[in-house]
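Trainee: So that you have it, the file is entry_3.tsv, and it contains TSV, C-alpha atoms:
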```tsv
chain	number	residue	atom	x	y	z
A	869	MET	CA	-7.64	15.35	-26.36
A	870	LYS	CA	-10.33	12.84	-25.41
A	871	ILE	CA	-9.53	10.19	-22.82
A	872	SER	CA	-9.95	7.40	-25.41
A	873	ASN	CA	-7.01	8.75	-27.40
A	874	LEU	CA	-4.70	8.42	-24.40
A	875	ASP	CA	-4.64	4.64	-24.90
A	876	SER	CA	-2.32	4.98	-27.91
A	877	HIS	CA	-0.37	8.23	-27.50
A	878	PRO	CA	2.53	9.07	-25.14
A	879	HIS	CA	1.49	11.56	-22.48
A	880	ARG	CA	2.20	12.64	-18.90
A	881	ARG	CA	-0.19	12.36	-15.96
A	882	PHE	CA	-0.09	14.50	-12.82
A	883	ASN	CA	-0.32	13.10	-9.29
A	884	PRO	CA	-2.08	15.77	-7.17
A	885	LEU	CA	-1.21	13.85	-3.98
A	886	THR	CA	2.55	14.29	-4.39
A	887	GLY	CA	3.03	16.89	-7.15
A	888	ASP	CA	4.92	14.33	-9.27
A	889	TRP	CA	4.37	13.45	-12.93
A	890	VAL	CA	4.41	10.04	-14.64
A	891	LEU	CA	5.19	9.42	-18.31
A	892	VAL	CA	2.70	7.02	-19.95
A	893	SER	CA	3.82	5.20	-23.13
A	894	PRO	CA	0.98	2.82	-24.09
A	895	HIS	CA	2.37	2.13	-27.58
A	896	ARG	CA	5.35	0.31	-25.99
A	897	THR	CA	3.21	-2.69	-25.00
A	898	LYS	CA	3.65	-3.99	-28.56
A	899	ARG	CA	7.40	-4.49	-28.12
A	900	PRO	CA	8.72	-8.06	-27.66
A	901	TRP	CA	10.10	-8.93	-24.22
A	902	GLN	CA	13.58	-10.40	-23.93
A	903	GLY	CA	14.40	-9.11	-20.45
A	904	GLN	CA	14.63	-10.80	-17.08
A	905	GLN	CA	11.98	-13.27	-16.00
A	906	GLU	CA	11.69	-14.14	-12.32
A	907	GLU	CA	11.81	-17.77	-11.29
A	908	ILE	CA	8.39	-19.20	-10.49
A	909	THR	CA	8.08	-21.17	-7.26
A	910	LYS	CA	5.11	-23.48	-6.81
A	911	THR	CA	5.98	-24.94	-3.40
A	912	LYS	CA	3.02	-25.53	-1.14
A	913	ARG	CA	3.75	-24.34	2.37
A	914	PRO	CA	2.76	-26.36	5.44
A	915	GLU	CA	0.20	-25.01	7.93
A	916	TYR	CA	2.99	-24.98	10.51
A	917	ASP	CA	6.74	-24.67	9.97
A	918	ALA	CA	8.99	-25.59	12.88
A	919	ASN	CA	11.77	-23.40	11.44
A	920	CYS	CA	9.62	-20.27	11.00
A	921	TYR	CA	10.31	-17.54	13.56
A	922	LEU	CA	6.73	-16.19	13.17
A	923	CYS	CA	4.78	-19.41	13.71
A	924	SER	CA	2.89	-19.87	16.95
A	925	GLY	CA	5.05	-21.19	19.82
A	926	ASN	CA	8.34	-20.97	17.91
A	927	LYS	CA	11.60	-19.38	19.03
A	928	ARG	CA	12.63	-16.17	17.25
A	929	ALA	CA	16.15	-14.99	16.36
A	930	SER	CA	16.23	-12.99	19.60
A	931	GLY	CA	15.63	-16.13	21.64
A	932	ASP	CA	12.11	-15.01	22.66
A	933	ILE	CA	9.32	-17.56	22.33
A	934	ASN	CA	6.14	-16.65	20.45
A	935	PRO	CA	2.96	-17.29	22.44
A	936	ALA	CA	0.47	-19.87	21.19
A	937	TYR	CA	-1.53	-17.15	19.47
A	938	GLU	CA	-4.79	-18.06	17.71
A	939	ASN	CA	-5.60	-14.97	15.64
A	940	THR	CA	-3.07	-12.13	15.36
A	941	PHE	CA	0.17	-11.41	17.19
A	942	VAL	CA	2.35	-8.29	17.39
A	943	PHE	CA	5.86	-7.93	18.81
A	944	GLU	CA	8.80	-5.51	18.76
A	945	ASN	CA	10.97	-6.20	15.71
A	946	ASP	CA	14.10	-8.09	16.73
A	947	PHE	CA	16.04	-6.08	14.12
A	948	ALA	CA	14.34	-2.68	14.40
A	949	ALA	CA	15.08	0.08	11.87
A	950	VAL	CA	14.36	2.83	14.41
A	951	LEU	CA	14.89	2.85	18.17
A	952	PRO	CA	13.07	4.71	20.97
A	953	ASN	CA	16.14	5.88	22.91
A	954	THR	CA	18.29	7.41	20.18
A	955	PRO	CA	20.12	10.51	21.52
A	956	SER	CA	18.55	13.73	20.27
A	957	PHE	CA	20.72	15.79	17.91
A	958	LYS	CA	20.63	17.95	14.81
A	959	ASN	CA	23.65	18.79	12.68
A	960	ASP	CA	23.01	21.77	10.41
A	961	SER	CA	26.15	23.84	10.91
A	962	ASP	CA	26.74	23.55	7.16
A	963	SER	CA	23.74	24.06	4.90
A	964	LEU	CA	24.85	21.22	2.62
A	965	ILE	CA	25.73	18.66	5.32
A	966	ILE	CA	22.62	18.15	7.44
A	967	SER	CA	21.50	15.30	9.69
A	968	GLU	CA	19.13	14.82	12.60
A	969	SER	CA	18.23	12.06	15.01
A	970	VAL	CA	15.18	9.86	14.62
A	971	ARG	CA	13.34	8.11	17.44
A	972	GLY	CA	10.74	5.44	16.95
A	973	THR	CA	9.78	1.82	17.15
A	974	SER	CA	9.43	-1.10	14.73
A	975	ARG	CA	6.93	-3.91	15.20
A	976	VAL	CA	5.97	-7.10	13.36
A	977	ILE	CA	2.30	-8.04	13.04
A	978	CYS	CA	1.41	-11.67	12.31
A	979	PHE	CA	-1.91	-11.94	10.47
A	980	SER	CA	-2.56	-15.59	11.30
A	981	PRO	CA	-0.94	-18.57	13.06
A	982	ARG	CA	-1.35	-20.46	9.76
A	983	HIS	CA	1.96	-20.46	7.88
A	984	ASP	CA	0.37	-21.31	4.52
A	985	LEU	CA	-2.15	-18.46	4.11
A	986	THR	CA	-2.18	-14.99	2.59
A	987	LEU	CA	-4.75	-12.24	3.27
A	988	PRO	CA	-7.13	-13.16	0.40
A	989	GLU	CA	-7.05	-16.82	1.50
A	990	MET	CA	-8.12	-15.96	5.04
A	991	SER	CA	-11.77	-15.86	6.16
A	992	LEU	CA	-13.63	-12.57	6.60
A	993	GLU	CA	-13.48	-13.05	10.37
A	994	GLU	CA	-9.71	-13.60	10.23
A	995	ILE	CA	-9.16	-10.52	8.04
A	996	GLY	CA	-11.38	-8.63	10.50
A	997	HIS	CA	-8.89	-9.45	13.27
A	998	VAL	CA	-6.12	-7.91	11.14
A	999	VAL	CA	-8.18	-4.75	10.61
A	1000	GLN	CA	-8.73	-4.45	14.36
A	1001	LEU	CA	-5.01	-4.90	15.01
A	1002	TRP	CA	-4.17	-2.18	12.47
A	1003	LYS	CA	-6.57	0.18	14.24
A	1004	GLU	CA	-5.30	-0.65	17.74
A	1005	GLN	CA	-1.66	-0.19	16.79
A	1006	MET	CA	-2.36	3.07	14.97
A	1007	ARG	CA	-4.37	4.41	17.91
A	1008	GLU	CA	-1.64	3.54	20.41
A	1009	LEU	CA	1.44	4.67	18.46
A	1010	SER	CA	-0.10	7.88	17.05
A	1011	GLN	CA	-0.28	9.24	20.59
A	1012	LYS	CA	3.52	9.18	20.80
A	1013	TYR	CA	4.85	9.41	17.25
A	1014	ALA	CA	4.31	11.87	14.39
A	1015	TRP	CA	4.08	9.11	11.78
A	1016	VAL	CA	2.99	5.48	12.01
A	1017	GLN	CA	3.55	3.46	8.86
A	1018	ILE	CA	1.61	0.21	8.70
A	1019	PHE	CA	2.70	-1.87	5.71
A	1020	GLU	CA	3.04	-5.34	4.22
A	1021	ASN	CA	5.67	-6.65	1.83
A	1022	LYS	CA	4.15	-9.75	0.24
A	1023	GLY	CA	6.32	-12.16	-1.71
A	1024	ALA	CA	10.04	-12.80	-2.07
A	1025	VAL	CA	10.20	-10.51	-5.10
A	1026	MET	CA	9.28	-7.64	-2.76
A	1027	GLY	CA	12.13	-8.50	-0.40
A	1028	CYS	CA	10.00	-10.46	2.05
A	1029	SER	CA	12.31	-12.90	3.84
A	1030	ASN	CA	9.56	-14.96	5.51
A	1031	PRO	CA	6.42	-16.25	3.72
A	1032	HIS	CA	4.39	-16.41	6.95
A	1033	PRO	CA	1.49	-13.91	6.56
A	1034	HIS	CA	2.67	-10.78	8.31
A	1035	GLY	CA	3.21	-7.04	8.03
A	1036	GLN	CA	5.20	-4.40	9.84
A	1037	ILE	CA	4.83	-1.07	11.61
A	1038	TRP	CA	7.52	1.59	11.66
A	1039	ALA	CA	6.67	4.60	13.82
A	1040	SER	CA	8.89	7.69	14.12
A	1041	ASN	CA	8.96	11.20	15.49
A	1042	ARG	CA	9.71	12.61	12.02
A	1043	LEU	CA	7.37	12.89	9.04
A	1044	PRO	CA	8.89	10.84	6.16
A	1045	ASN	CA	9.12	12.07	2.55
A	1046	GLU	CA	5.98	10.53	1.02
A	1047	PRO	CA	3.48	11.50	3.76
A	1048	PHE	CA	5.16	14.92	3.93
A	1049	LYS	CA	4.38	15.50	0.25
A	1050	GLU	CA	0.85	14.15	0.64
A	1051	ASN	CA	0.24	16.40	3.64
A	1052	GLU	CA	1.44	19.50	1.77
A	1053	LYS	CA	-0.60	18.79	-1.37
A	1054	GLN	CA	-3.80	17.84	0.47
A	1055	LEU	CA	-3.56	20.98	2.63
A	1056	GLU	CA	-2.94	23.14	-0.43
A	1057	TYR	CA	-5.99	21.67	-2.18
A	1058	PHE	CA	-8.19	22.01	0.93
A	1059	LYS	CA	-7.34	25.70	1.36
A	1060	LYS	CA	-8.23	26.34	-2.27
A	1061	ASN	CA	-11.38	24.19	-2.55
A	1062	ASP	CA	-12.62	23.82	1.06
A	1063	SER	CA	-12.91	20.04	0.58
A	1064	PRO	CA	-10.49	17.09	0.87
A	1065	LEU	CA	-8.60	16.22	-2.32
A	1066	LEU	CA	-9.21	12.48	-2.22
A	1067	VAL	CA	-12.89	12.85	-1.30
A	1068	ASP	CA	-13.40	14.93	-4.44
A	1069	TYR	CA	-11.27	12.54	-6.48
A	1070	ILE	CA	-13.32	9.51	-5.39
A	1071	GLN	CA	-16.54	11.27	-6.37
A	1072	LEU	CA	-15.08	11.91	-9.82
A	1073	GLU	CA	-14.00	8.27	-10.17
A	1074	LEU	CA	-17.44	7.02	-9.08
A	1075	LYS	CA	-18.99	9.07	-11.89
A	1076	GLN	CA	-16.53	8.03	-14.61
A	1077	LYS	CA	-16.33	4.31	-13.66
A	1078	LEU	CA	-13.17	3.97	-15.79
A	1079	ARG	CA	-10.62	2.93	-13.18
A	1080	ILE	CA	-12.71	1.36	-10.40
A	1081	ILE	CA	-12.16	-2.38	-9.92
A	1082	GLU	CA	-14.12	-3.06	-6.71
A	1083	GLU	CA	-16.53	-1.17	-4.48
A	1084	ASN	CA	-19.06	-1.75	-1.72
A	1085	GLU	CA	-21.21	0.49	0.46
A	1086	ASN	CA	-18.22	2.01	2.30
A	1087	TRP	CA	-15.08	1.49	0.20
A	1088	VAL	CA	-13.73	1.79	-3.33
A	1089	VAL	CA	-10.64	0.22	-4.92
A	1090	LEU	CA	-9.29	1.78	-8.10
A	1091	VAL	CA	-6.22	2.14	-10.27
A	1092	PRO	CA	-5.25	5.80	-9.71
A	1093	TYR	CA	-5.19	7.97	-12.84
A	1094	TRP	CA	-1.54	8.76	-12.02
A	1095	ALA	CA	-0.47	5.18	-11.12
A	1096	ILE	CA	3.20	4.28	-11.67
A	1097	TRP	CA	3.24	0.51	-11.13
A	1098	PRO	CA	1.40	-1.50	-13.84
A	1099	PHE	CA	-1.38	-2.79	-11.55
A	1100	GLU	CA	-1.08	-0.27	-8.73
A	1101	THR	CA	-4.29	0.29	-6.75
A	1102	MET	CA	-5.58	2.61	-4.06
A	1103	LEU	CA	-8.16	1.70	-1.41
A	1104	VAL	CA	-10.23	4.63	-0.09
A	1105	PRO	CA	-13.32	4.99	2.13
A	1106	LYS	CA	-16.28	6.70	0.45
A	1107	ARG	CA	-16.95	9.07	3.34
A	1108	HIS	CA	-14.46	11.56	4.78
A	1109	VAL	CA	-12.23	9.66	7.25
A	1110	CYS	CA	-8.90	11.02	8.49
A	1111	ARG	CA	-7.39	8.01	10.29
A	1112	LEU	CA	-7.80	4.24	10.67
A	1113	PRO	CA	-9.13	4.44	14.27
A	1114	ASP	CA	-11.95	6.72	13.00
A	1115	LEU	CA	-13.57	3.84	11.08
A	1116	THR	CA	-16.95	2.56	12.29
A	1117	GLN	CA	-17.68	-1.10	13.01
A	1118	GLU	CA	-19.62	-1.32	9.74
A	1119	GLU	CA	-16.68	0.15	7.83
A	1120	ASP	CA	-14.34	-2.36	9.51
A	1121	GLN	CA	-16.48	-5.24	8.27
A	1122	SER	CA	-16.81	-3.91	4.73
A	1123	LEU	CA	-13.05	-3.21	4.67
A	1124	ALA	CA	-12.37	-6.88	5.39
A	1125	ALA	CA	-14.82	-7.85	2.65
A	1126	ILE	CA	-13.33	-5.61	-0.03
A	1127	LEU	CA	-9.76	-6.61	0.87
A	1128	LYS	CA	-10.61	-10.27	0.34
A	1129	LYS	CA	-12.32	-9.59	-3.00
A	1130	PHE	CA	-9.83	-7.31	-4.69
A	1131	LEU	CA	-6.73	-9.16	-3.44
A	1132	THR	CA	-8.31	-12.29	-4.91
A	1133	ARG	CA	-8.53	-10.47	-8.26
A	1134	TYR	CA	-4.79	-9.84	-7.98
A	1135	ASP	CA	-4.13	-13.57	-7.50
A	1136	HIS	CA	-6.25	-14.44	-10.54
A	1137	LEU	CA	-4.54	-11.91	-12.84
A	1138	PHE	CA	-1.44	-14.02	-13.49
A	1139	ASN	CA	-2.60	-17.16	-11.66
A	1140	THR	CA	-0.10	-16.64	-8.86
A	1141	SER	CA	0.03	-15.42	-5.27
A	1142	PHE	CA	0.35	-11.77	-6.29
A	1143	PRO	CA	3.29	-9.91	-4.69
A	1144	TYR	CA	3.00	-6.30	-3.58
A	1145	SER	CA	4.00	-3.67	-1.09
A	1146	MET	CA	1.04	-2.01	0.59
A	1147	GLY	CA	0.66	0.61	3.29
A	1148	TRP	CA	-1.85	2.87	5.03
A	1149	HIS	CA	-1.65	6.67	4.82
A	1150	GLY	CA	-3.73	8.75	7.21
A	1151	ALA	CA	-3.42	12.06	8.99
A	1152	PRO	CA	-0.17	12.32	11.03
A	1153	GLY	CA	-0.64	11.94	14.76
A	1154	ASN	CA	0.76	15.38	15.62
A	1155	LEU	CA	-1.68	17.38	13.47
A	1156	GLU	CA	-4.22	19.46	15.41
A	1157	ASP	CA	-6.34	20.11	12.31
A	1158	SER	CA	-6.40	17.17	9.91
A	1159	ASN	CA	-9.57	17.84	7.91
A	1160	HIS	CA	-7.55	18.07	4.70
A	1161	TRP	CA	-6.53	14.42	5.02
A	1162	GLN	CA	-8.38	11.40	3.65
A	1163	LEU	CA	-7.43	7.91	4.82
A	1164	HIS	CA	-6.21	5.60	2.03
A	1165	ALA	CA	-4.03	2.58	1.36
A	1166	HIS	CA	-1.56	2.18	-1.52
A	1167	PHE	CA	-0.88	-1.19	-3.17
A	1168	TYR	CA	2.25	-1.38	-5.33
A	1169	PRO	CA	2.65	-4.73	-7.15
A	1170	PRO	CA	5.73	-5.21	-9.37
A	1171	LEU	CA	4.38	-7.70	-11.93
A	1172	LEU	CA	4.08	-6.40	-15.49
A	1173	ARG	CA	3.31	-9.05	-18.13
A	1174	SER	CA	3.07	-12.35	-16.28
A	1175	GLN	CA	3.95	-14.02	-12.99
A	1176	SER	CA	7.58	-14.09	-14.15
A	1177	VAL	CA	8.00	-10.63	-15.71
A	1178	LYS	CA	8.18	-7.62	-13.39
A	1179	LYS	CA	8.59	-3.89	-13.85
A	1180	PHE	CA	11.92	-2.27	-12.94
A	1181	ILE	CA	12.38	1.31	-11.75
A	1182	VAL	CA	15.66	2.07	-13.54
A	1183	GLY	CA	17.27	4.36	-16.11
A	1184	TYR	CA	14.95	7.17	-17.15
A	1185	GLU	CA	12.75	6.60	-14.11
A	1186	MET	CA	15.63	6.99	-11.66
A	1187	LEU	CA	17.16	9.91	-13.54
A	1188	ALA	CA	14.12	11.77	-14.89
A	1189	GLU	CA	10.57	10.70	-13.93
A	1190	ALA	CA	8.43	7.60	-13.47
A	1191	GLN	CA	7.14	5.83	-16.59
A	1192	ARG	CA	4.52	3.17	-17.34
A	1193	ASP	CA	3.33	1.39	-20.47
A	1194	ILE	CA	-0.27	0.22	-20.04
A	1195	THR	CA	-2.65	2.99	-19.04
A	1196	ALA	CA	-4.47	3.04	-15.70
A	1197	GLU	CA	-7.73	2.41	-17.57
A	1198	GLN	CA	-6.35	-0.68	-19.32
A	1199	ALA	CA	-5.00	-2.03	-16.02
A	1200	ALA	CA	-8.35	-1.47	-14.30
A	1201	GLN	CA	-10.21	-3.27	-17.07
A	1202	ARG	CA	-7.93	-6.30	-16.80
A	1203	LEU	CA	-8.40	-6.45	-13.03
A	1204	ARG	CA	-12.19	-6.09	-13.37
A	1205	GLU	CA	-12.18	-9.10	-15.70
A	1206	CYS	CA	-10.57	-11.27	-13.00
A	1207	PRO	CA	-12.80	-13.23	-10.59
A	1208	ASN	CA	-13.05	-11.85	-7.05
A	1209	VAL	CA	-13.81	-15.23	-5.45
```
So, in terms of structure tokens, how does the structure I just supplied come out?

Mentor:
Amino acid sequence: MKISNLDSHPHRRFNPLTGDWVLVSPHRTKRPWQGQQEEITKTKRPEYDANCYLCSGNKRASGDINPAYENTFVFENDFAAVLPNTPSFKNDSDSLIISESVRGTSRVICFSPRHDLTLPEMSLEEIGHVVQLWKEQMRELSQKYAWVQIFENKGAVMGCSNPHPHGQIWASNRLPNEPFKENEKQLEYFKKNDSPLLVDYIQLELKQKLRIIEENENWVVLVPYWAIWPFETMLVPKRHVCRLPDLTQEEDQSLAAILKKFLTRYDHLFNTSFPYSMGWHGAPGNLEDSNHWQLHAHFYPPLLRSQSVKKFIVGYEMLAEAQRDITAEQAAQRLRECPNV
């Protein structure tokens, strides 16, 4: 079947990064919507909020005082999900009742002292400071922990409890489920083809030009062929790069530029500050040979039809497999039509 016919017929798409499938049902976009619509908030935030525990100079819940930072700021999470001194144990005496200890650290990274900004609203220089912080934290924590997850939850609909521009880092001595699957599948592909999976995939996407929404000399942003979320995107360097700290100065600068442009497209799509969860995936810190890995970032936004209608992962998706309505190609076209300034 030709790719053009996939816009109107139900079909499944395979994700070679995880081994999972997604059901695509493009004909369902014609159905009327009578489901939940999220409340739209239009409040303009102040540049500084005296009650915000992330603003420069403010007191946090722990009682610690933030420094008068001018660019970025990182600190140990006052309510960490993982702790560095957890006693080591493994309970596997019964093959069906298994548990093991996890050691790690959780940090909060403030992108800017300005309370009223988001990444696409920041200057290229300011986004560049965030890129450098990502690299520094990854370089430091990868020396101690098997996995370092840098991520951002943007917007209340994504569970973000504070609108101040910030992200988080959770590092642990265990390899979590998603990077475990990506490591296995990328290694399997590399052994078979003697080239990294995502490097080959990007070359294919650059030829087809069907799902790319933004690119520059070093980076490409696209809607993956196997995307689950309606306007899911993936950000990938064009050359083979295993980890964030491996990026060159030129790639740092072009990363800041492409982040600003494509996140601006998101904001224009439904004329709202676009919510998402994003995170970096690179080679685990404890791998001696990581040539099968390609650095990339996932962006998972929940919005489906407007700024008030979001996609839910429920029912069939929880019990069987992921499902989406609009195709990746249709989503990419809509994002390409949005301004990037």

Trainee: Can you pull out the residues contacting range 989-991 of chain A? Cut-off 9 Å, using only C-alpha atoms, and skip same-chain residues under 6 positions away; I want them as a list in words.

Mentor: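 Listing them by chain and then by number gives Ser980, Lys1128 and Thr1132 of chain A.
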
Trainee: Could you please take those selected residues and save C-alpha atoms as an mmCIF file, in the coordinates of the input?

Mentor:
```cif
data_model
loop_
_atom_site.group_PDB
_atom_site.id
_atom_site.type_symbol
_atom_site.label_atom_id
_atom_site.label_comp_id
_atom_site.auth_asym_id
_atom_site.auth_seq_id
_atom_site.Cartn_x
_atom_site.Cartn_y
_atom_site.Cartn_z
ATOM 1 C CA SER A 980 -2.560 -15.590 11.300
ATOM 2 C CA LYS A 1128 -10.610 -10.270 0.340
ATOM 3 C CA THR A 1132 -8.310 -12.290 -4.910
#
```

Trainee: Between A:Val1104, A:Ala948, A:Ile1181, A:Leu987, single out the one closest to Trp1038 in chain A, counting only C-alpha atoms.

Mentor: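 The closest residue to Trp1038 in chain A is A:Ala948.
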
Trainee: Enumerate, in order of chain and increasing residue number, the residues of range 1080-1184 of chain A with an atom no farther than 12 Å from range 997-1018 of chain A, each with its shortest atom pair and distance in Å to one decimal, counting all atoms listed in the file, as JSON lines.

Mentor:
```
{"residue": "A:Arg1111", "atom": "CA", "partner": "A:Met1006", "partner_atom": "CA", "distance": 8.5}
{"residue": "A:Leu1112", "atom": "CA", "partner": "A:Lys1003", "partner_atom": "CA", "distance": 5.5}
{"residue": "A:Pro1113", "atom": "CA", "partner": "A:Lys1003", "partner_atom": "CA", "distance": 5.0}
{"residue": "A:Asp1114", "atom": "CA", "partner": "A:Lys1003", "partner_atom": "CA", "distance": 8.6}
{"residue": "A:Leu1115", "atom": "CA", "partner": "A:Lys1003", "partner_atom": "CA", "distance": 8.5}
{"residue": "A:Thr1116", "atom": "CA", "partner": "A:Lys1003", "partner_atom": "CA", "distance": 10.8}
{"residue": "A:Gln1117", "atom": "CA", "partner": "A:Gln1000", "partner_atom": "CA", "distance": 9.7}
{"residue": "A:Glu1118", "atom": "CA", "partner": "A:Val999", "partner_atom": "CA", "distance": 12.0}
{"residue": "A:Glu1119", "atom": "CA", "partner": "A:Val999", "partner_atom": "CA", "distance": 10.2}
{"residue": "A:Asp1120", "atom": "CA", "partner": "A:Val999", "partner_atom": "CA", "distance": 6.7}
{"residue": "A:Gln1121", "atom": "CA", "partner": "A:Val999", "partner_atom": "CA", "distance": 8.6}
{"residue": "A:Ser1122", "atom": "CA", "partner": "A:Val999", "partner_atom": "CA", "distance": 10.5}
{"residue": "A:Leu1123", "atom": "CA", "partner": "A:Val999", "partner_atom": "CA", "distance": 7.8}
{"residue": "A:Ala1124", "atom": "CA", "partner": "A:Val999", "partner_atom": "CA", "distance": 7.0}
{"residue": "A:Ala1125", "atom": "CA", "partner": "A:Val999", "partner_atom": "CA", "distance": 10.8}
{"residue": "A:Ile1126", "atom": "CA", "partner": "A:Val999", "partner_atom": "CA", "distance": 11.9}
{"residue": "A:Leu1127", "atom": "CA", "partner": "A:Val999", "partner_atom": "CA", "distance": 10.0}
{"residue": "A:Lys1128", "atom": "CA", "partner": "A:Val999", "partner_atom": "CA", "distance": 11.9}
{"residue": "A:Ser1145", "atom": "CA", "partner": "A:Ile1018", "partner_atom": "CA", "distance": 10.8}
{"residue": "A:Met1146", "atom": "CA", "partner": "A:Ile1018", "partner_atom": "CA", "distance": 8.4}
{"residue": "A:Gly1147", "atom": "CA", "partner": "A:Ile1018", "partner_atom": "CA", "distance": 5.5}
{"residue": "A:Trp1148", "atom": "CA", "partner": "A:Ile1018", "partner_atom": "CA", "distance": 5.7}
{"residue": "A:His1149", "atom": "CA", "partner": "A:Gln1017", "partner_atom": "CA", "distance": 7.3}
{"residue": "A:Gly1150", "atom": "CA", "partner": "A:Val1016", "partner_atom": "CA", "distance": 8.9}
{"residue": "A:Ala1151", "atom": "CA", "partner": "A:Trp1015", "partner_atom": "CA", "distance": 8.5}
{"residue": "A:Pro1152", "atom": "CA", "partner": "A:Trp1015", "partner_atom": "CA", "distance": 5.4}
{"residue": "A:Gly1153", "atom": "CA", "partner": "A:Ser1010", "partner_atom": "CA", "distance": 4.7}
{"residue": "A:Asn1154", "atom": "CA", "partner": "A:Ala1014", "partner_atom": "CA", "distance": 5.1}
{"residue": "A:Leu1155", "atom": "CA", "partner": "A:Ala1014", "partner_atom": "CA", "distance": 8.2}
{"residue": "A:Glu1156", "atom": "CA", "partner": "A:Ala1014", "partner_atom": "CA", "distance": 11.5}
{"residue": "A:His1164", "atom": "CA", "partner": "A:Ile1018", "partner_atom": "CA", "distance": 11.6}
{"residue": "A:Ala1165", "atom": "CA", "partner": "A:Ile1018", "partner_atom": "CA", "distance": 9.6}
{"residue": "A:His1166", "atom": "CA", "partner": "A:Ile1018", "partner_atom": "CA", "distance": 10.9}
```

Trainee: Skip range 1063-1075 of chain A itself and residues of its chain fewer than 6 positions away, then list as a PyMOL selection string all residues within 9 Å of it, counting all atoms listed in the file.

Mentor: chain A and resi 884-885+1053-1055+1057+1088+1090+1104-1108+1159-1164

Trainee: Tell me which residues come within 8 Å of (-3.8, 2.2, -15.4), as a PyMOL selection string, counting only C-alpha atoms in the file's coordinates.

Mentor: chain A and resi 1079+1091-1095+1098-1100+1194-1200

Trainee: Of the residues A:Leu1137, A:Val1109, A:Leu1078, A:Leu985, which is the one nearest to Gln1201 in chain A, using all atoms listed in the file?

Mentor: A:Leu1078

Trainee: I'd like to know which of A:Leu1103, A:Leu874, A:Asp1157, A:Tyr1144 is closest to Cys1028 in chain A, using all atoms listed in the file.

Mentor: A:Tyr1144
